[in-house]
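I have placed the structure first, in the form of structure tokens, so that the comments after it can refer back to it.
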Amino acid sequence: MSSYHVHVVDADRASRDGLARYFEAHGLTVTTMESAADLLRRMHRQRPDVVVMDAALPGQSGLQACRQLRGEGDRVPLILLTERNEEIDRVLALEMGADDVLGKPCPMRELLARVQALLRRANVAPGQPMLAMAPVDIGALRFDIASRSLLRDGCIHVLSTVEYAVLAELVANPGVAVSRERLLAASHGRSDGLLPRAIDVAVMRLRKRVEPDPTHPRFLQTIRGHGYMFVPALAAAERQRPQRYISRCSPAFSPPSTT
């Protein structure tokens with residue numbers, strides 16, 4: 001991770017310095033800035049791999065800067081942080097061209113996971129093969145990312161563009177809850193309407209193809225009020241394994257951590 005460079009843009013010094021320290025502790029190189037104008041001025045002199053930016057910067061806002069970058073054809077991976085964490089605000093940020101949106105304040109571990117996910121899929125356009133990813137086993141099936149297809153016993157089923165993009169985004173982030181907005185951004189062009197129902201339909205179709213019982217999904221699980229999660233086969237088996245009961249009076253009992 002040390003080869004990756006992140007630009008953190010936030011007018012609040014404590015906030016940006018805190019993010020910088022956390023990212024640097026996890027191996028990233030960080031440059032902090034306090035304004036969108038500073039970011040735009042330095043973008044081409046010191047090219048970042050990812051930008052993490054406050055949506056509500058004074059002067060030129062983070063939303064406006066994001067729209068300007070996309071209007072100029074710049075596809076730098078970009079995460080916007082917004083204190084107004086309503087659905088309309090998240091959708092607006094995605095429409096302006098953000099790759100991901102998080103409410104502010106957000107858990108730093110989650111933000112780091114989102115940054116790492118963006119780095120993994122950097123330079124991969126929505127709906128295009130993620131050639132760097134190896135095939136992924138989903139139960140009795142194998143998802144071949146390069147050929148956009150599901151394989152079973154020598155039979156090949158080529159996925160539609162939307163189905164492929166949704167499944168690729170989920171398997172690229174195993175065990176991570178991926179929002180419907182993020183799946184929309186990955187699977188639909190900017191000219192398409194942002195229709196959350198389209199993601200639900202795509203996941204329903206995918207479940208019919210990959211789940212042993214689509215009514216009780218093991219691999220493509222719903223995260224209520226948020227989106228979906230890919231649970232790999234081993235993790236799914238672990239979740240279904242009966243848990244051994246340990247009495248609170250037993251010496252083996254350990255209370256859950258509160259940290």
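Chain labels A, B, ... are given in the sequence in which chains occur in the structure tokens; within each chain residues are numbered consecutively from 1, and ligands are likewise numbered from 1 in the order shown.
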Worksheet item: Can you list, as JSON, numbers by chain, every protein, DNA or RNA residue that comes within 12 Å of Ile88 in chain A when you count only C-alpha atoms, leaving out same-chain residues fewer than 6 positions away?
Response: {"A": [82, 94, 95, 101, 181, 194]}
Keeping only C-alpha atoms, write the selected residues as an mmCIF file, in the first residue's frame.
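Output (selection.cif):
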data_model
loop_
_atom_site.group_PDB
_atom_site.id
_atom_site.type_symbol
_atom_site.label_atom_id
_atom_site.label_comp_id
_atom_site.auth_asym_id
_atom_site.auth_seq_id
_atom_site.Cartn_x
_atom_site.Cartn_y
_atom_site.Cartn_z
ATOM 1 C CA THR A 82 -20.880 14.584 3.533
ATOM 2 C CA LEU A 94 -22.859 10.094 -7.278
ATOM 3 C CA GLU A 95 -24.483 12.064 -10.081
ATOM 4 C CA VAL A 101 -20.043 8.601 -0.681
ATOM 5 C CA GLU A 181 -25.997 3.705 -4.801
ATOM 6 C CA LEU A 194 -30.649 6.213 -10.974
#
Item to complete: Going by DSSP on the backbone, which bits of range 10-218 of chain A are strand (DSSP E or B)? Write them as a PyMOL selection string, please.
Response: chain A and resi 29-33+50-54+78-82+100-103+136-138+141-144+149-152+155-158+178-179
Find the residues of range 54-168 of chain A that sit at most 8 Å from range 35-38 of chain A; for each, write down the nearest two atoms and how far apart they are in Å, to one decimal. Count only C-alpha atoms. Sort by chain, then by number going up, and give it as CSV.
residue,atom,partner,partner_atom,distance
A:Leu57,CA,A:Ser35,CA,6.5
A:Pro58,CA,A:Ser35,CA,7.3
A:Gly59,CA,A:Ser35,CA,7.9
A:Gln60,CA,A:Ala36,CA,6.0
A:Ser61,CA,A:Ala36,CA,6.6
A:Gly62,CA,A:Ala36,CA,6.2
A:Ala65,CA,A:Ala36,CA,6.1
Kindly export the residues of the current selection with N, CA and C atoms, as a CSV table (one decimal), in the first residue's frame.
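Saved result, result16.csv, follows:
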chain,number,residue,atom,x,y,z
A,57,LEU,N,-16.9,22.0,1.2
A,57,LEU,CA,-15.8,22.9,1.4
A,57,LEU,C,-16.2,24.3,1.2
A,58,PRO,N,-15.6,25.3,2.0
A,58,PRO,CA,-16.0,26.7,1.7
A,58,PRO,C,-15.4,27.1,0.4
A,59,GLY,N,-16.0,28.1,-0.2
A,59,GLY,CA,-15.6,28.6,-1.6
A,59,GLY,C,-16.2,27.6,-2.6
A,60,GLN,N,-15.3,27.0,-3.4
A,60,GLN,CA,-15.7,26.0,-4.3
A,60,GLN,C,-15.9,24.7,-3.5
A,61,SER,N,-17.1,24.1,-3.5
A,61,SER,CA,-17.4,22.9,-2.7
A,61,SER,C,-16.7,21.7,-3.3
A,62,GLY,N,-16.7,20.7,-2.5
A,62,GLY,CA,-16.2,19.4,-3.0
A,62,GLY,C,-17.1,18.8,-4.1
A,65,ALA,N,-16.1,20.7,-7.3
A,65,ALA,CA,-14.8,20.3,-7.7
A,65,ALA,C,-14.9,18.9,-8.4
Worksheet item: Near Leu19 in chain A, counting only C-alpha atoms, which residues have an atom at most 8 Å away, once you skip same-chain residues fewer than 3 positions from it, shown as a VMD selection string?
Response: chain A and resid 8 15 to 16 22 to 23 108
Discussion item. So that I can see what lies close to Leu102 in chain A, please list as a ChimeraX atom specification the residues with an atom at most 7 Å from it, counting only C-alpha atoms and leaving out residues fewer than 4 positions away in the same chain.
Written reply: /A:80-82,106
Worksheet item: Separation of CA of Leu159 in chain A and CA of Asp100 in chain A, in Å?
Response: 24.5 Å
Item to complete: Would you mind telling me which residue in A:Leu69, A:Val136, A:Ala25, A:Met33 lies nearest to Arg13 in chain A when using only C-alpha atoms?
Response: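 Going through A:Leu69, A:Val136, A:Ala25, A:Met33 one by one, the smallest distance to Arg13 in chain A is for A:Met33.
Between CA of Asp99 in chain A and CA of Arg218 in chain A there is a distance of 27.5 Å.
Shortest atom-to-atom contact with Tyr4 in chain A among A:Pro105, A:Pro232, A:Pro48, A:Pro212: A:Pro48, counting only C-alpha atoms.
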Item to complete: Skip Glu34 in chain A itself and residues of its chain fewer than 4 positions away, then list as a list in words all residues within 6 Å of it, counting only C-alpha atoms.
Response: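 Surrounding residues, per the criterion: Val9, Asp10 and Ala11 of chain A.
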Practice prompt. For CA of Thr222 in chain A and CA of Phe143 in chain A, quote the distance in Å rounded to one decimal.
Written response: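 Separating CA of Thr222 in chain A from CA of Phe143 in chain A is a distance of 19.8 Å.
Shortest atom-to-atom contact with Arg120 in chain A among A:Leu92, A:Val162, A:Ala168, A:Leu184: A:Ala168, counting only C-alpha atoms.
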Item to complete: Rank A:Val210, A:Leu112, A:Leu78, A:Leu167 by their smallest atom-to-atom distance to Arg21 in chain A, using only C-alpha atoms, and report the top residue only.
Response: A:Leu112
Worksheet entry | Filtered DSSP result for range 40-228 of chain A, state helix (DSSP H, G or I), as a PyMOL selection string | chain A and resi 40-42+62-71+87-95+108-120+161-171+180-187+196-210
Item to complete: Please provide the set of residues having any atom within 12 Å of Glu211 in chain A, restricted to only C-alpha atoms, with same-chain residues fewer than 2 positions apart removed, written as a count of residues only.
Response: 25
Fill in: Polymer residues at most 12 Å from Asp144 in chain A, only C-alpha atoms, same-chain spacing of 3 or more positions, as a ChimeraX atom specification
/A:129-138,141,147-152,156-159,164,167-168,171
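With distances restricted to only C-alpha atoms, A:Arg182 is the closest residue to Arg90 in chain A from A:Gly154, A:Arg182, A:Thr161, A:Ala202.
Distance check against Ala56 in chain A using only C-alpha atoms: of A:Ala20, A:Glu87, A:Gly71, A:Gly103, the minimum falls on A:Gly103.
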